[in-house]
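Content type CSV, C-alpha atoms and all ligand atoms, from the file work07.csv:
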chain,number,residue,atom,x,y,z
E,1,MET,CA,54.7,91.7,20.3
E,2,SER,CA,53.8,95.3,20.0
E,3,GLU,CA,52.6,97.4,22.9
E,4,GLU,CA,49.1,97.5,21.3
E,5,GLY,CA,49.1,93.8,20.7
E,6,LYS,CA,49.9,93.1,24.3
E,7,ARG,CA,46.8,94.9,25.5
E,8,GLN,CA,43.3,93.6,25.0
E,9,ALA,CA,40.4,95.0,26.8
E,10,LYS,CA,37.3,92.8,26.5
E,11,ASP,CA,34.1,94.5,27.5
E,12,GLU,CA,31.9,91.8,28.7
E,13,SER,CA,29.4,93.9,30.7
E,14,THR,CA,26.4,92.3,29.1
E,15,LYS,CA,27.5,88.7,29.8
E,16,THR,CA,27.3,86.6,32.9
E,17,VAL,CA,30.4,85.5,34.8
E,18,GLU,CA,30.0,82.0,33.4
E,19,ASP,CA,30.0,83.3,29.9
E,20,GLU,CA,33.2,85.2,30.5
E,21,MET,CA,34.9,82.2,32.0
E,22,GLY,CA,33.8,80.2,29.0
E,23,ASP,CA,35.3,82.3,26.2
E,24,LEU,CA,38.7,83.1,27.4
E,25,PRO,CA,41.5,80.7,28.2
E,26,GLU,CA,42.0,80.9,32.0
E,27,ALA,CA,44.3,83.7,33.2
E,28,ASP,CA,47.4,83.0,35.3
E,29,ILE,CA,46.6,85.9,37.6
E,30,LYS,CA,43.3,87.4,38.6
E,31,VAL,CA,43.3,90.9,40.1
E,32,ILE,CA,40.1,92.4,41.3
E,33,LEU,CA,39.1,96.0,41.9
E,34,LEU,CA,37.0,96.9,44.8
E,35,GLY,CA,35.5,100.0,46.3
E,36,ASP,CA,32.5,102.2,46.3
E,37,SER,CA,30.7,103.4,43.2
E,38,ALA,CA,32.4,106.3,41.4
E,39,VAL,CA,35.8,106.1,43.3
E,40,GLY,CA,37.4,105.6,39.9
E,41,LYS,CA,37.9,101.9,39.6
E,42,SER,CA,37.1,101.7,35.9
E,43,LYS,CA,39.1,104.8,35.1
E,44,LEU,CA,42.2,103.4,36.9
E,45,VAL,CA,42.1,100.1,35.0
E,46,GLU,CA,41.5,102.0,31.7
E,47,ARG,CA,44.4,104.3,32.5
E,48,PHE,CA,46.7,101.4,33.2
E,49,LEU,CA,45.7,99.4,30.1
E,50,LEU,CA,45.4,102.3,27.6
E,51,GLN,CA,47.5,104.9,29.2
E,52,ASP,CA,44.7,107.3,28.4
E,53,TYR,CA,41.9,108.9,30.2
E,54,HIS,CA,38.5,110.0,28.8
E,55,PRO,CA,36.3,111.5,31.5
E,56,ARG,CA,32.9,110.0,31.3
E,57,GLN,CA,30.0,109.8,33.6
E,58,LEU,CA,29.1,106.3,32.8
E,59,SER,CA,28.9,103.8,35.6
E,60,THR,CA,29.7,100.2,35.2
E,61,TYR,CA,26.5,98.2,35.0
E,62,ALA,CA,27.8,94.8,35.8
E,63,LEU,CA,31.2,93.4,35.2
E,64,THR,CA,34.1,94.2,32.9
E,65,LEU,CA,36.9,91.9,32.4
E,66,PHE,CA,40.2,93.2,31.1
E,67,ARG,CA,42.8,90.8,29.8
E,68,TYR,CA,46.4,91.9,29.9
E,69,ALA,CA,49.6,90.1,28.9
E,70,ASP,CA,52.6,90.8,31.0
E,71,GLU,CA,56.0,89.3,31.7
E,72,VAL,CA,57.0,88.4,35.2
E,73,ASP,CA,60.3,86.8,36.1
E,74,GLY,CA,60.9,86.2,32.5
E,75,GLN,CA,57.6,84.3,32.0
E,76,ASN,CA,54.6,85.3,30.0
E,77,VAL,CA,51.7,85.8,32.3
E,78,LYS,CA,48.1,86.4,31.4
E,79,VAL,CA,46.4,88.8,33.8
E,80,ASP,CA,42.7,89.4,34.2
E,81,PHE,CA,41.5,92.6,35.9
E,82,TRP,CA,38.0,92.3,37.1
E,83,ASP,CA,36.1,95.5,37.5
E,84,THR,CA,32.6,95.9,38.8
E,85,ALA,CA,30.1,98.5,39.8
E,86,GLY,CA,30.5,99.2,43.6
E,87,GLN,CA,26.9,100.4,43.8
E,88,GLU,CA,24.9,99.7,46.9
E,89,ARG,CA,22.3,98.1,44.7
E,90,PHE,CA,24.5,95.0,45.0
E,91,ASP,CA,24.4,94.4,48.7
E,92,ASN,CA,27.2,91.9,48.3
E,93,MET,CA,29.3,91.0,45.5
E,94,HIS,CA,28.7,87.6,43.9
E,95,PRO,CA,31.2,85.1,45.4
E,96,SER,CA,32.5,84.4,41.9
E,97,TYR,CA,33.9,87.9,41.8
E,98,TYR,CA,36.3,86.9,44.6
E,99,PHE,CA,36.8,83.3,43.5
E,100,GLY,CA,40.4,82.5,42.6
E,101,ALA,CA,41.5,86.1,43.0
E,102,HIS,CA,45.3,86.5,43.6
E,103,ALA,CA,45.4,90.2,44.4
E,104,CYS,CA,43.0,93.1,45.1
E,105,ILE,CA,43.2,96.8,44.4
E,106,LEU,CA,40.9,98.5,47.0
E,107,ALA,CA,40.1,102.0,46.1
E,108,PHE,CA,38.6,105.1,47.7
E,109,ASP,CA,38.1,108.6,46.6
E,110,VAL,CA,39.9,111.3,48.5
E,111,THR,CA,37.2,113.8,47.8
E,112,ARG,CA,34.5,111.7,49.5
E,113,LYS,CA,35.1,110.6,53.1
E,114,ALA,CA,32.3,108.0,53.0
E,115,THR,CA,34.3,106.0,50.4
E,116,TYR,CA,37.2,105.8,52.8
E,117,LYS,CA,34.9,104.7,55.7
E,118,ASN,CA,33.4,102.0,53.4
E,119,LEU,CA,36.8,100.4,52.9
E,120,ASN,CA,36.2,98.4,56.0
E,121,LYS,CA,33.0,96.9,54.5
E,122,TRP,CA,34.7,95.9,51.3
E,123,TYR,CA,37.8,94.5,53.1
E,124,THR,CA,35.6,92.4,55.5
E,125,GLU,CA,33.7,90.9,52.6
E,126,LEU,CA,36.9,90.3,50.6
E,127,ARG,CA,38.5,88.4,53.6
E,128,LYS,CA,35.4,86.1,53.9
E,129,TYR,CA,36.4,84.7,50.5
E,130,ARG,CA,40.1,85.4,50.1
E,131,GLU,CA,41.8,85.3,53.5
E,132,ASN,CA,45.3,86.0,52.5
E,133,ILE,CA,45.5,87.6,49.1
E,134,PRO,CA,47.6,90.8,48.8
E,135,VAL,CA,45.6,94.0,49.0
E,136,ILE,CA,46.8,97.4,47.8
E,137,VAL,CA,44.8,100.3,49.1
E,138,VAL,CA,44.7,103.3,46.7
E,139,ALA,CA,43.6,106.9,47.4
E,140,ASN,CA,42.3,108.1,44.0
E,141,LYS,CA,41.7,111.6,42.6
E,142,ILE,CA,44.6,113.2,44.3
E,143,ASP,CA,44.8,115.6,41.2
E,144,VAL,CA,41.8,117.4,42.8
E,145,ASP,CA,44.1,118.6,45.6
E,146,TYR,CA,47.6,117.3,45.9
E,147,LYS,CA,47.8,118.4,49.5
E,148,VAL,CA,46.0,115.2,50.4
E,149,THR,CA,49.2,113.2,49.8
E,150,ARG,CA,50.5,114.7,53.1
E,151,LYS,CA,47.7,113.1,54.9
E,152,SER,CA,48.1,109.7,56.4
E,153,PHE,CA,45.3,107.2,56.3
E,154,ALA,CA,45.3,104.6,59.1
E,155,PHE,CA,43.1,101.9,57.5
E,156,PRO,CA,45.9,99.9,55.8
E,157,LYS,CA,48.1,99.8,58.9
E,158,LYS,CA,45.2,98.7,61.0
E,159,LYS,CA,44.7,95.7,58.7
E,160,GLY,CA,48.4,94.9,58.4
E,161,LEU,CA,48.6,96.2,54.8
E,162,PRO,CA,51.2,98.4,53.2
E,163,PRO,CA,50.5,102.1,53.3
E,164,VAL,CA,48.0,103.8,51.0
E,165,GLU,CA,49.2,104.5,47.5
E,166,TYR,CA,48.2,107.9,46.2
E,167,VAL,CA,47.0,107.8,42.6
E,168,SER,CA,45.2,109.7,40.0
E,169,ALA,CA,43.4,108.1,37.1
E,170,ALA,CA,43.1,111.6,35.6
E,171,ASP,CA,46.8,112.4,35.3
E,172,GLY,CA,48.2,108.9,35.7
E,173,THR,CA,50.1,109.4,38.9
E,174,ASN,CA,51.3,106.1,40.3
E,175,VAL,CA,48.8,104.1,38.2
E,176,VAL,CA,51.3,101.9,36.4
E,177,HIS,CA,53.3,101.4,39.5
E,178,VAL,CA,50.2,100.2,41.5
E,179,PHE,CA,49.0,97.8,38.8
E,180,GLN,CA,52.5,96.4,38.3
E,181,SER,CA,52.8,95.9,42.0
E,182,ALA,CA,49.5,94.1,42.2
E,183,ILE,CA,50.5,91.8,39.3
E,184,ARG,CA,53.7,91.0,41.0
E,185,ALA,CA,52.2,90.5,44.4
E,186,GLY,CA,49.5,88.3,42.9
E,187,TRP,CA,52.1,86.2,41.1
E,188,LYS,CA,54.1,85.8,44.2
E,189,TYR,CA,51.0,84.9,46.2
E,190,LYS,CA,50.1,82.3,43.6
E,191,ASN,CA,53.5,80.8,43.8
E,192,GLY,CA,53.4,80.4,47.5
E,193,GLY,CA,55.1,83.5,48.7
E,194,GLU,CA,52.1,85.1,50.3
E,195,LYS,CA,53.7,85.3,53.7
E,196,ASP,CA,56.3,87.6,52.3
E,197,PHE,CA,53.8,90.0,50.9
E,198,MET,CA,54.5,92.9,53.2
E,199,GLU,CA,58.2,92.6,52.5
E,200,GLU,CA,57.7,92.3,48.8
E,201,CYS,CA,55.3,95.3,48.7
E,202,LEU,CA,57.7,97.5,50.6
E,203,ASP,CA,60.4,96.5,48.2
E,204,LEU,CA,58.3,97.2,45.2
E,205,LEU,CA,56.9,100.4,46.5
E,206,GLY,CA,60.3,101.5,47.7
E,207,GLU,CA,58.8,102.8,50.9
E,208,ASP,CA,59.1,102.3,54.6
E,209,PHE,CA,56.6,102.6,57.4
E,210,GLY,CA,57.4,106.2,58.4
E,211,GLU,CA,56.0,108.2,61.3
E,212,GLY,CA,52.2,108.5,61.3
E,213,LEU,CA,51.5,105.9,58.6
R,1,LIG,N1,39.4,114.3,39.2
R,1,LIG,C1,39.4,113.0,39.0
R,1,LIG,N2,38.2,112.4,38.6
R,1,LIG,C2,38.3,111.0,38.4
R,1,LIG,C3,39.4,110.3,38.6
R,1,LIG,N3,39.2,109.0,38.4
R,1,LIG,C4,37.9,108.9,38.1
R,1,LIG,N4,37.3,110.2,38.1
R,1,LIG,C5,35.9,110.5,37.8
R,1,LIG,O1,35.1,109.9,38.8
R,1,LIG,C6,33.9,109.4,38.2
R,1,LIG,C7,33.8,107.9,38.4
R,1,LIG,O2,34.8,107.2,37.8
R,1,LIG,P1,34.6,105.6,37.5
R,1,LIG,O3,35.9,105.1,37.0
R,1,LIG,O4,33.4,105.4,36.6
R,1,LIG,O5,34.2,105.0,38.9
R,1,LIG,P2,33.9,103.5,39.3
R,1,LIG,O6,34.6,103.3,40.6
R,1,LIG,O7,34.3,102.6,38.2
R,1,LIG,O8,32.3,103.5,39.5
R,1,LIG,P3,31.2,102.3,39.4
R,1,LIG,O9,31.5,101.7,38.1
R,1,LIG,O10,29.9,103.0,39.5
R,1,LIG,O11,31.5,101.4,40.6
R,1,LIG,C8,34.0,109.7,36.7
R,1,LIG,O12,33.3,110.9,36.4
R,1,LIG,C9,35.5,109.9,36.4
R,1,LIG,O13,35.7,110.8,35.4
R,1,LIG,C10,40.6,111.0,39.0
R,1,LIG,O14,41.7,110.4,39.2
R,1,LIG,N5,40.5,112.3,39.2
R,2,MG,MG,33.2,101.3,37.1
When written as structure tokens, how does the structure in this file appear?
Amino acid sequence: MSEEGKRQAKDESTKTVEDEMGDLPEADIKVILLGDSAVGKSKLVERFLLQDYHPRQLSTYALTLFRYADEVDGQNVKVDFWDTAGQERFDNMHPSYYFGAHACILAFDVTRKATYKNLNKWYTELRKYRENIPVIVVANKIDVDYKVTRKSFAFPKKKGLPPVEYVSAADGTNVVHVFQSAIRAGWKYKNGGEKDFMEECLDLLGEDFGEGL
């Protein structure tokens, strides 16, 4: 299958969650994006799926579901990325957003400290519904000032997660790597390997817990 053929983005922003579940065969892996409004969740998933970036000011109004076909361990795997607006107008996400998720990409914006502080709120809510799924914390918009990658962010370590991944939806830094890691971690979780998540992530990310992380 061609690269184009493998990628299908299905904008379902005007439909309800139930509609969405109704018109697509169930995915093998569900990966959700979480984080405050305007941290770049939509741009990250668009960048991964299309390898392209079109700066736009549009916010997500409800929910966008992106279907992606991948191959993991020699098997064809259907992956759904769920993207939503992180706006405060939704006090809490609808539980169906979390339902059945196998992995989460939790994003903040390095140019806005409040978005980092709010990680805790998102994480706490996520864990109410999905106690053990793998979570990858991403620091987005590093293109604004690459010096930020020298900074260490304590949040993931406090929660027993792998270190922050520094990404840019604008120039693509680390985007494919993070999404591929999320798919693989989700697959492993689904197949009963969740206890090895840390190990798996560190392997995938080729990193170690260094000083200050
Ligand atoms: N410089 C820079 N800007 C970015 C990057 N990623 C996103 N943006 C910009 O940040 C703004 C918000 O991006 P979105 O992807 O819409 O953010 P979101 O998290 O999906 O926001 P909501 O849908 O409201 O929850 C847009 O103006 C993007 O162009 C990045 O990596 N670098
Ligand atoms: Mg969005």
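In this comparison, which uses all atoms listed in the file, the residue of E:Lys128, E:Gly40, E:Lys78, E:Val175 approaching Pro25 of chain E most closely is E:Lys78.
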Exercise. Select, from E:Arg127, E:Asn120, E:Asn191, E:Ala107, the residue with the minimum atom-to-atom distance to Glu165 of chain E, counting only C-alpha atoms.
Key: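 Closest to Glu165 of chain E of all the choices is E:Ala107.
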Self-check item: Nearest to ligand MG 2 (chain R) by atom-to-atom distance, counting all atoms listed in the file, from E:Glu71, E:Leu106, E:Leu50, E:Asp83
Solution: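 For ligand MG 2 (chain R), the nearest of the candidates is E:Asp83.
Of the listed residues E:Lys117, E:Arg184, E:Lys158, E:Lys190, the one whose atoms come nearest to Asp73 of chain E is E:Arg184, with distances taken using all atoms listed in the file.
What separates atom O14 of ligand LIG 1 (chain R) from atom CA of Val135 of chain E is a distance of 19.5 Å.
Of the residues listed (E:Val72, E:Ala114, E:Ala139, E:Val167), E:Val72 shows the shortest atom-to-atom separation from Gln180 of chain E; distances use only C-alpha atoms.
Checking E:Ala69, E:Leu126, E:Val45, E:Ile133 one by one against ligand LIG 1 (chain R), counting only C-alpha atoms and all ligand atoms, you find the shortest gap at E:Val45.
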Self-check item: Interatomic distance, atom CA of Tyr98 of chain E to atom CA of Ile32 of chain E (Å, one decimal)
Solution: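 Between atom CA of Tyr98 of chain E and atom CA of Ile32 of chain E the gap works out to 7.5 Å.
Excluding Gly186 of chain E itself and any same-chain residue fewer than 3 positions from it, the protein and nucleic acid residues within 10 Å of it, counting all atoms listed in the file, are Asp28, Ile29, Lys30, Val31, Val79, Ala101, His102, Ala103, Cys104, Ile133, Pro134, Val135, Gln180, Ser181, Ala182, Ile183, Tyr189, Lys190, Asn191, Gly192, Gly193, Glu194 and Phe197 of chain E.
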Exercise. Would you mind reading off the distance between atom N5 of ligand LIG 1 (chain R) and atom CA of Val148 of chain E, one decimal, in Å?
Key: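 Distance between the two atoms: 12.8 Å.
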Quiz item: Skipping near chain neighbours, those fewer than 5 positions away, what residues fall within 12 Å of Glu125 of chain E using all atoms listed in the file, listed as a list in words?
Solution: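 Everything that qualifies: Leu34, Gly35, Asp91, Asn92, Met93, His94, Pro95, Tyr97, Tyr98, Leu106, Asn118, Leu119, Asn120, Arg130 and Glu131 of chain E.
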Those selected residues, please, written with C-alpha atoms and delivered as a PDB file, in the frame of the given file.
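The new file out.pdb reads:
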ATOM      1  CA  LEU E  34      37.000  96.900  44.800  1.00  0.00           C
ATOM      2  CA  GLY E  35      35.500 100.000  46.300  1.00  0.00           C
ATOM      3  CA  ASP E  91      24.400  94.400  48.700  1.00  0.00           C
ATOM      4  CA  ASN E  92      27.200  91.900  48.300  1.00  0.00           C
ATOM      5  CA  MET E  93      29.300  91.000  45.500  1.00  0.00           C
ATOM      6  CA  HIS E  94      28.700  87.600  43.900  1.00  0.00           C
ATOM      7  CA  PRO E  95      31.200  85.100  45.400  1.00  0.00           C
ATOM      8  CA  TYR E  97      33.900  87.900  41.800  1.00  0.00           C
ATOM      9  CA  TYR E  98      36.300  86.900  44.600  1.00  0.00           C
ATOM     10  CA  LEU E 106      40.900  98.500  47.000  1.00  0.00           C
ATOM     11  CA  ASN E 118      33.400 102.000  53.400  1.00  0.00           C
ATOM     12  CA  LEU E 119      36.800 100.400  52.900  1.00  0.00           C
ATOM     13  CA  ASN E 120      36.200  98.400  56.000  1.00  0.00           C
ATOM     14  CA  ARG E 130      40.100  85.400  50.100  1.00  0.00           C
ATOM     15  CA  GLU E 131      41.800  85.300  53.500  1.00  0.00           C
TER      16      GLU E 131
END
